[in-house]
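Structure record follows, encoded as structure tokens.
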Amino acid sequence: MFNLTVHVKVKQNSDISTFEYHLGEMAKKCPLEGGCIYYIVNRITEKVDDKIRDIQGEYMIVESWESEVAWKKHLQLETYLNHYKDALVDLLERDVYFLEDMNS
């Protein structure tokens with residue numbers, strides 16, 4: 001299994017409704033792709049550190065794929081190319097984290 005999470009932040013002055021439309025399309029379509037175990041998009045609402053503060057325009061995408069090969073194939077498919085690479089990449093800042101399951 002190949003797991004990753006992507007912390008996405010909308011760049012200042014970007015249209016959040018357009019951004020959320022394309023993330024929503026990804027959330028609907030990616031789970032239907034071969035090799036996708038789950039694909040979940042979450043809107044971050046609060047950050048807890050020394051105090052709780054509201055968060056706007058930040059999202060966490062959690063993905064699990066059967067293999068790294070399946071994930072790399074996803075990066076070449078229409079959903080990723082149209083709704084992420086072409087539509088969103090210029091509107092966001094992101095951090096990608098590859099995860100290792102400590103229970104296996």
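Every chain in the structure tokens has a letter given in the order shown (A, B, ...), and although residue numbers restart at 1 in each chain, ligands are simply numbered from 1 in the order shown.
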Which residues are near region 36-47 of chain A? Cut-off 10 Å, only C-alpha atoms, ignore same chain within fewer than 4 positions. Put them as an mmCIF file with N, CA and C atoms, in the first residue's frame.
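What landed in out.cif:
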data_model
loop_
_atom_site.group_PDB
_atom_site.id
_atom_site.type_symbol
_atom_site.label_atom_id
_atom_site.label_comp_id
_atom_site.auth_asym_id
_atom_site.auth_seq_id
_atom_site.Cartn_x
_atom_site.Cartn_y
_atom_site.Cartn_z
ATOM 1 N N MET A 1 0.854 -1.175 0.000
ATOM 2 C CA MET A 1 0.000 0.000 0.000
ATOM 3 C C MET A 1 0.898 1.236 0.000
ATOM 4 N N PHE A 2 0.432 2.277 -0.676
ATOM 5 C CA PHE A 2 1.172 3.539 -0.784
ATOM 6 C C PHE A 2 0.277 4.653 -0.261
ATOM 7 N N ASN A 3 0.703 5.314 0.823
ATOM 8 C CA ASN A 3 -0.115 6.331 1.490
ATOM 9 C C ASN A 3 0.575 7.687 1.434
ATOM 10 N N LEU A 4 -0.227 8.718 1.278
ATOM 11 C CA LEU A 4 0.314 10.072 1.325
ATOM 12 C C LEU A 4 -0.763 11.040 1.790
ATOM 13 N N THR A 5 -0.303 12.183 2.228
ATOM 14 C CA THR A 5 -1.199 13.274 2.577
ATOM 15 C C THR A 5 -0.631 14.542 1.968
ATOM 16 N N VAL A 6 -1.522 15.416 1.549
ATOM 17 C CA VAL A 6 -1.117 16.670 0.919
ATOM 18 C C VAL A 6 -1.793 17.813 1.671
ATOM 19 N N HIS A 7 -0.996 18.700 2.223
ATOM 20 C CA HIS A 7 -1.515 19.904 2.873
ATOM 21 C C HIS A 7 -1.520 20.992 1.808
ATOM 22 N N VAL A 8 -2.702 21.493 1.498
ATOM 23 C CA VAL A 8 -2.885 22.461 0.428
ATOM 24 C C VAL A 8 -3.365 23.773 1.020
ATOM 25 N N LYS A 9 -2.756 24.860 0.593
ATOM 26 C CA LYS A 9 -3.132 26.191 1.058
ATOM 27 C C LYS A 9 -3.399 27.061 -0.158
ATOM 28 N N GLU A 20 -12.406 25.095 -4.491
ATOM 29 C CA GLU A 20 -13.180 24.029 -3.860
ATOM 30 C C GLU A 20 -13.944 23.192 -4.888
ATOM 31 N N LEU A 23 -11.309 20.707 -6.174
ATOM 32 C CA LEU A 23 -11.017 19.708 -5.130
ATOM 33 C C LEU A 23 -12.184 18.742 -4.961
ATOM 34 N N GLY A 24 -13.404 19.256 -5.035
ATOM 35 C CA GLY A 24 -14.597 18.416 -4.929
ATOM 36 C C GLY A 24 -14.684 17.404 -6.060
ATOM 37 N N MET A 26 -12.150 16.194 -7.665
ATOM 38 C CA MET A 26 -11.119 15.189 -7.376
ATOM 39 C C MET A 26 -11.629 14.198 -6.332
ATOM 40 N N ALA A 27 -12.291 14.708 -5.294
ATOM 41 C CA ALA A 27 -12.801 13.844 -4.226
ATOM 42 C C ALA A 27 -13.844 12.863 -4.753
ATOM 43 N N LYS A 28 -14.615 13.271 -5.757
ATOM 44 C CA LYS A 28 -15.629 12.384 -6.342
ATOM 45 C C LYS A 28 -15.018 11.363 -7.300
ATOM 46 N N LYS A 29 -14.065 11.801 -8.109
ATOM 47 C CA LYS A 29 -13.587 10.971 -9.219
ATOM 48 C C LYS A 29 -12.385 10.098 -8.890
ATOM 49 N N CYS A 30 -11.472 10.571 -8.058
ATOM 50 C CA CYS A 30 -10.261 9.786 -7.772
ATOM 51 C C CYS A 30 -10.558 8.427 -7.138
ATOM 52 N N PRO A 31 -11.531 8.325 -6.227
ATOM 53 C CA PRO A 31 -11.806 7.003 -5.643
ATOM 54 C C PRO A 31 -12.282 5.966 -6.666
ATOM 55 N N LEU A 32 -12.701 6.421 -7.840
ATOM 56 C CA LEU A 32 -13.171 5.506 -8.882
ATOM 57 C C LEU A 32 -12.025 4.989 -9.756
ATOM 58 N N LYS A 51 -3.176 28.027 21.311
ATOM 59 C CA LYS A 51 -4.594 28.393 21.359
ATOM 60 C C LYS A 51 -5.258 27.903 20.078
ATOM 61 N N ILE A 52 -6.563 27.843 20.086
ATOM 62 C CA ILE A 52 -7.301 27.425 18.893
ATOM 63 C C ILE A 52 -7.544 28.652 18.029
ATOM 64 N N ARG A 53 -7.258 28.522 16.740
ATOM 65 C CA ARG A 53 -7.529 29.643 15.841
ATOM 66 C C ARG A 53 -8.167 29.129 14.560
ATOM 67 N N ASP A 54 -9.056 29.933 14.003
ATOM 68 C CA ASP A 54 -9.746 29.581 12.763
ATOM 69 C C ASP A 54 -8.770 29.558 11.596
ATOM 70 N N ILE A 55 -9.030 28.664 10.676
ATOM 71 C CA ILE A 55 -8.216 28.524 9.470
ATOM 72 C C ILE A 55 -9.129 28.722 8.266
ATOM 73 N N GLN A 56 -8.674 29.460 7.285
ATOM 74 C CA GLN A 56 -9.423 29.670 6.036
ATOM 75 C C GLN A 56 -8.527 29.281 4.861
ATOM 76 N N GLY A 57 -9.096 28.600 3.889
ATOM 77 C CA GLY A 57 -8.377 28.311 2.657
ATOM 78 C C GLY A 57 -7.284 27.263 2.763
ATOM 79 N N GLU A 58 -7.429 26.330 3.713
ATOM 80 C CA GLU A 58 -6.461 25.245 3.834
ATOM 81 C C GLU A 58 -7.187 23.903 3.835
ATOM 82 N N TYR A 59 -6.560 22.899 3.221
ATOM 83 C CA TYR A 59 -7.181 21.593 3.026
ATOM 84 C C TYR A 59 -6.144 20.505 3.256
ATOM 85 N N MET A 60 -6.631 19.332 3.643
ATOM 86 C CA MET A 60 -5.767 18.170 3.796
ATOM 87 C C MET A 60 -6.361 17.054 2.937
ATOM 88 N N ILE A 61 -5.563 16.585 1.994
ATOM 89 C CA ILE A 61 -5.958 15.471 1.140
ATOM 90 C C ILE A 61 -5.243 14.230 1.658
ATOM 91 N N VAL A 62 -6.016 13.185 1.922
ATOM 92 C CA VAL A 62 -5.465 11.929 2.423
ATOM 93 C C VAL A 62 -5.731 10.865 1.361
ATOM 94 N N GLU A 63 -4.648 10.227 0.902
ATOM 95 C CA GLU A 63 -4.761 9.256 -0.187
ATOM 96 C C GLU A 63 -4.128 7.934 0.203
ATOM 97 N N SER A 64 -4.726 6.862 -0.279
ATOM 98 C CA SER A 64 -4.140 5.540 -0.135
ATOM 99 C C SER A 64 -4.328 4.813 -1.462
ATOM 100 N N TRP A 65 -3.231 4.269 -1.975
ATOM 101 C CA TRP A 65 -3.218 3.580 -3.270
ATOM 102 C C TRP A 65 -2.677 2.172 -3.072
ATOM 103 N N GLU A 66 -3.048 1.276 -3.958
ATOM 104 C CA GLU A 66 -2.568 -0.104 -3.872
ATOM 105 C C GLU A 66 -1.045 -0.174 -3.950
ATOM 106 N N SER A 67 -0.453 0.764 -4.708
ATOM 107 C CA SER A 67 0.997 0.761 -4.885
ATOM 108 C C SER A 67 1.451 2.137 -5.366
ATOM 109 N N ALA A 70 0.373 2.569 -8.934
ATOM 110 C CA ALA A 70 -1.021 3.006 -9.096
ATOM 111 C C ALA A 70 -1.137 4.508 -8.886
ATOM 112 N N TRP A 71 -0.433 5.040 -7.881
ATOM 113 C CA TRP A 71 -0.451 6.489 -7.624
ATOM 114 C C TRP A 71 0.150 7.251 -8.796
ATOM 115 N N HIS A 74 -2.239 7.494 -11.591
ATOM 116 C CA HIS A 74 -3.237 8.520 -11.270
ATOM 117 C C HIS A 74 -2.762 9.905 -11.711
#
Per-residue DSSP, chain A, filtered to helix (DSSP H, G or I), as a PyMOL selection string | chain A and resi 16-32+68-74+78-85+89-91
Grab the residues selected above and save them as a PDB file, in the first residue's frame with C-alpha atoms.
ATOM      1  CA  ILE A  16     -11.813  29.795  -3.112  1.00  0.00           C
ATOM      2  CA  SER A  17     -15.083  28.703  -4.768  1.00  0.00           C
ATOM      3  CA  THR A  18     -13.237  27.682  -7.955  1.00  0.00           C
ATOM      4  CA  PHE A  19     -10.597  25.996  -5.849  1.00  0.00           C
ATOM      5  CA  GLU A  20     -13.180  24.029  -3.860  1.00  0.00           C
ATOM      6  CA  TYR A  21     -15.049  23.027  -7.036  1.00  0.00           C
ATOM      7  CA  HIS A  22     -11.938  21.352  -8.456  1.00  0.00           C
ATOM      8  CA  LEU A  23     -11.017  19.708  -5.130  1.00  0.00           C
ATOM      9  CA  GLY A  24     -14.597  18.416  -4.929  1.00  0.00           C
ATOM     10  CA  GLU A  25     -14.335  16.917  -8.402  1.00  0.00           C
ATOM     11  CA  MET A  26     -11.119  15.189  -7.376  1.00  0.00           C
ATOM     12  CA  ALA A  27     -12.801  13.844  -4.226  1.00  0.00           C
ATOM     13  CA  LYS A  28     -15.629  12.384  -6.342  1.00  0.00           C
ATOM     14  CA  LYS A  29     -13.587  10.971  -9.219  1.00  0.00           C
ATOM     15  CA  CYS A  30     -10.261   9.786  -7.772  1.00  0.00           C
ATOM     16  CA  PRO A  31     -11.806   7.003  -5.643  1.00  0.00           C
ATOM     17  CA  LEU A  32     -13.171   5.506  -8.882  1.00  0.00           C
ATOM     18  CA  GLU A  68       3.287   3.613  -5.860  1.00  0.00           C
ATOM     19  CA  VAL A  69       2.771   2.509  -9.476  1.00  0.00           C
ATOM     20  CA  ALA A  70      -1.021   3.006  -9.096  1.00  0.00           C
ATOM     21  CA  TRP A  71      -0.451   6.489  -7.624  1.00  0.00           C
ATOM     22  CA  LYS A  72       1.920   7.458 -10.454  1.00  0.00           C
ATOM     23  CA  LYS A  73      -0.679   6.272 -12.989  1.00  0.00           C
ATOM     24  CA  HIS A  74      -3.237   8.520 -11.270  1.00  0.00           C
ATOM     25  CA  GLU A  78      -7.684  13.127 -16.800  1.00  0.00           C
ATOM     26  CA  THR A  79      -8.986  13.874 -13.295  1.00  0.00           C
ATOM     27  CA  TYR A  80      -5.557  14.813 -11.946  1.00  0.00           C
ATOM     28  CA  LEU A  81      -4.491  16.653 -15.098  1.00  0.00           C
ATOM     29  CA  ASN A  82      -7.723  18.667 -15.531  1.00  0.00           C
ATOM     30  CA  HIS A  83      -8.741  19.336 -11.933  1.00  0.00           C
ATOM     31  CA  TYR A  84      -5.400  19.593 -10.190  1.00  0.00           C
ATOM     32  CA  LYS A  85      -2.454  20.232 -12.459  1.00  0.00           C
ATOM     33  CA  VAL A  89      -1.478  24.223  -9.240  1.00  0.00           C
ATOM     34  CA  ASP A  90      -1.052  27.980  -9.815  1.00  0.00           C
ATOM     35  CA  LEU A  91      -3.576  28.781  -7.049  1.00  0.00           C
TER      36      LEU A  91
END
Those of chain A in DSSP strand (DSSP E or B), formatted as a ChimeraX atom specification = /A:2-10,36-43,46-48,52-54,58-65,92-99
Selected residues written out, N, CA and C atoms, as an mmCIF file, in the first residue's frame:
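Output file selection-v5.cif is given in full below:
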data_model
loop_
_atom_site.group_PDB
_atom_site.id
_atom_site.type_symbol
_atom_site.label_atom_id
_atom_site.label_comp_id
_atom_site.auth_asym_id
_atom_site.auth_seq_id
_atom_site.Cartn_x
_atom_site.Cartn_y
_atom_site.Cartn_z
ATOM 1 N N PHE A 2 0.432 2.277 -0.676
ATOM 2 C CA PHE A 2 1.172 3.539 -0.784
ATOM 3 C C PHE A 2 0.277 4.653 -0.261
ATOM 4 N N ASN A 3 0.703 5.314 0.823
ATOM 5 C CA ASN A 3 -0.115 6.331 1.490
ATOM 6 C C ASN A 3 0.575 7.687 1.434
ATOM 7 N N LEU A 4 -0.227 8.718 1.278
ATOM 8 C CA LEU A 4 0.314 10.072 1.325
ATOM 9 C C LEU A 4 -0.763 11.040 1.790
ATOM 10 N N THR A 5 -0.303 12.183 2.228
ATOM 11 C CA THR A 5 -1.199 13.274 2.577
ATOM 12 C C THR A 5 -0.631 14.542 1.968
ATOM 13 N N VAL A 6 -1.522 15.416 1.549
ATOM 14 C CA VAL A 6 -1.117 16.670 0.919
ATOM 15 C C VAL A 6 -1.793 17.813 1.671
ATOM 16 N N HIS A 7 -0.996 18.700 2.223
ATOM 17 C CA HIS A 7 -1.515 19.904 2.873
ATOM 18 C C HIS A 7 -1.520 20.992 1.808
ATOM 19 N N VAL A 8 -2.702 21.493 1.498
ATOM 20 C CA VAL A 8 -2.885 22.461 0.428
ATOM 21 C C VAL A 8 -3.365 23.773 1.020
ATOM 22 N N LYS A 9 -2.756 24.860 0.593
ATOM 23 C CA LYS A 9 -3.132 26.191 1.058
ATOM 24 C C LYS A 9 -3.399 27.061 -0.158
ATOM 25 N N VAL A 10 -4.584 27.682 -0.185
ATOM 26 C CA VAL A 10 -4.944 28.568 -1.289
ATOM 27 C C VAL A 10 -4.090 29.828 -1.200
ATOM 28 N N CYS A 36 -7.027 2.965 -6.443
ATOM 29 C CA CYS A 36 -7.295 3.889 -5.345
ATOM 30 C C CYS A 36 -8.050 3.162 -4.236
ATOM 31 N N ILE A 37 -7.495 3.168 -3.048
ATOM 32 C CA ILE A 37 -8.151 2.567 -1.890
ATOM 33 C C ILE A 37 -9.043 3.613 -1.221
ATOM 34 N N TYR A 38 -8.521 4.801 -1.002
ATOM 35 C CA TYR A 38 -9.348 5.930 -0.576
ATOM 36 C C TYR A 38 -8.674 7.234 -0.947
ATOM 37 N N TYR A 39 -9.518 8.244 -1.086
ATOM 38 C CA TYR A 39 -9.077 9.586 -1.456
ATOM 39 C C TYR A 39 -10.056 10.542 -0.799
ATOM 40 N N ILE A 40 -9.591 11.250 0.213
ATOM 41 C CA ILE A 40 -10.482 12.098 1.007
ATOM 42 C C ILE A 40 -9.920 13.511 1.044
ATOM 43 N N VAL A 41 -10.798 14.481 0.780
ATOM 44 C CA VAL A 41 -10.410 15.891 0.875
ATOM 45 C C VAL A 41 -11.107 16.478 2.094
ATOM 46 N N ASN A 42 -10.331 17.076 2.980
ATOM 47 C CA ASN A 42 -10.858 17.694 4.202
ATOM 48 C C ASN A 42 -10.540 19.181 4.198
ATOM 49 N N ARG A 43 -11.505 19.994 4.575
ATOM 50 C CA ARG A 43 -11.268 21.428 4.791
ATOM 51 C C ARG A 43 -10.771 21.575 6.226
ATOM 52 N N GLU A 46 -9.745 24.535 12.002
ATOM 53 C CA GLU A 46 -9.085 25.135 13.164
ATOM 54 C C GLU A 46 -7.697 24.536 13.326
ATOM 55 N N LYS A 47 -6.818 25.312 13.882
ATOM 56 C CA LYS A 47 -5.485 24.837 14.244
ATOM 57 C C LYS A 47 -5.343 24.971 15.748
ATOM 58 N N VAL A 48 -4.846 23.908 16.365
ATOM 59 C CA VAL A 48 -4.667 23.913 17.806
ATOM 60 C C VAL A 48 -3.167 23.898 18.091
ATOM 61 N N ILE A 52 -6.563 27.843 20.086
ATOM 62 C CA ILE A 52 -7.301 27.425 18.893
ATOM 63 C C ILE A 52 -7.544 28.652 18.029
ATOM 64 N N ARG A 53 -7.258 28.522 16.740
ATOM 65 C CA ARG A 53 -7.529 29.643 15.841
ATOM 66 C C ARG A 53 -8.167 29.129 14.560
ATOM 67 N N ASP A 54 -9.056 29.933 14.003
ATOM 68 C CA ASP A 54 -9.746 29.581 12.763
ATOM 69 C C ASP A 54 -8.770 29.558 11.596
ATOM 70 N N GLU A 58 -7.429 26.330 3.713
ATOM 71 C CA GLU A 58 -6.461 25.245 3.834
ATOM 72 C C GLU A 58 -7.187 23.903 3.835
ATOM 73 N N TYR A 59 -6.560 22.899 3.221
ATOM 74 C CA TYR A 59 -7.181 21.593 3.026
ATOM 75 C C TYR A 59 -6.144 20.505 3.256
ATOM 76 N N MET A 60 -6.631 19.332 3.643
ATOM 77 C CA MET A 60 -5.767 18.170 3.796
ATOM 78 C C MET A 60 -6.361 17.054 2.937
ATOM 79 N N ILE A 61 -5.563 16.585 1.994
ATOM 80 C CA ILE A 61 -5.958 15.471 1.140
ATOM 81 C C ILE A 61 -5.243 14.230 1.658
ATOM 82 N N VAL A 62 -6.016 13.185 1.922
ATOM 83 C CA VAL A 62 -5.465 11.929 2.423
ATOM 84 C C VAL A 62 -5.731 10.865 1.361
ATOM 85 N N GLU A 63 -4.648 10.227 0.902
ATOM 86 C CA GLU A 63 -4.761 9.256 -0.187
ATOM 87 C C GLU A 63 -4.128 7.934 0.203
ATOM 88 N N SER A 64 -4.726 6.862 -0.279
ATOM 89 C CA SER A 64 -4.140 5.540 -0.135
ATOM 90 C C SER A 64 -4.328 4.813 -1.462
ATOM 91 N N TRP A 65 -3.231 4.269 -1.975
ATOM 92 C CA TRP A 65 -3.218 3.580 -3.270
ATOM 93 C C TRP A 65 -2.677 2.172 -3.072
ATOM 94 N N LEU A 92 -2.213 27.421 -5.542
ATOM 95 C CA LEU A 92 -1.963 26.818 -4.239
ATOM 96 C C LEU A 92 -0.492 26.739 -3.884
ATOM 97 N N GLU A 93 -0.302 26.551 -2.585
ATOM 98 C CA GLU A 93 0.977 26.130 -2.026
ATOM 99 C C GLU A 93 0.701 24.769 -1.417
ATOM 100 N N ARG A 94 1.661 23.869 -1.462
ATOM 101 C CA ARG A 94 1.391 22.530 -0.937
ATOM 102 C C ARG A 94 2.620 21.906 -0.328
ATOM 103 N N ASP A 95 2.357 20.998 0.587
ATOM 104 C CA ASP A 95 3.371 20.121 1.164
ATOM 105 C C ASP A 95 2.856 18.705 0.998
ATOM 106 N N VAL A 96 3.663 17.841 0.419
ATOM 107 C CA VAL A 96 3.296 16.443 0.205
ATOM 108 C C VAL A 96 4.111 15.588 1.169
ATOM 109 N N TYR A 97 3.420 14.678 1.848
ATOM 110 C CA TYR A 97 4.071 13.785 2.799
ATOM 111 C C TYR A 97 3.772 12.337 2.417
ATOM 112 N N PHE A 98 4.815 11.545 2.182
ATOM 113 C CA PHE A 98 4.638 10.105 1.989
ATOM 114 C C PHE A 98 4.636 9.472 3.380
ATOM 115 N N LEU A 99 3.740 8.528 3.589
ATOM 116 C CA LEU A 99 3.521 7.951 4.919
ATOM 117 C C LEU A 99 3.874 6.484 4.949
#
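With CA of Asp86 (chain A) on one side and CA of Gly35 (chain A) on the other, the separation reads 22.6 Å.
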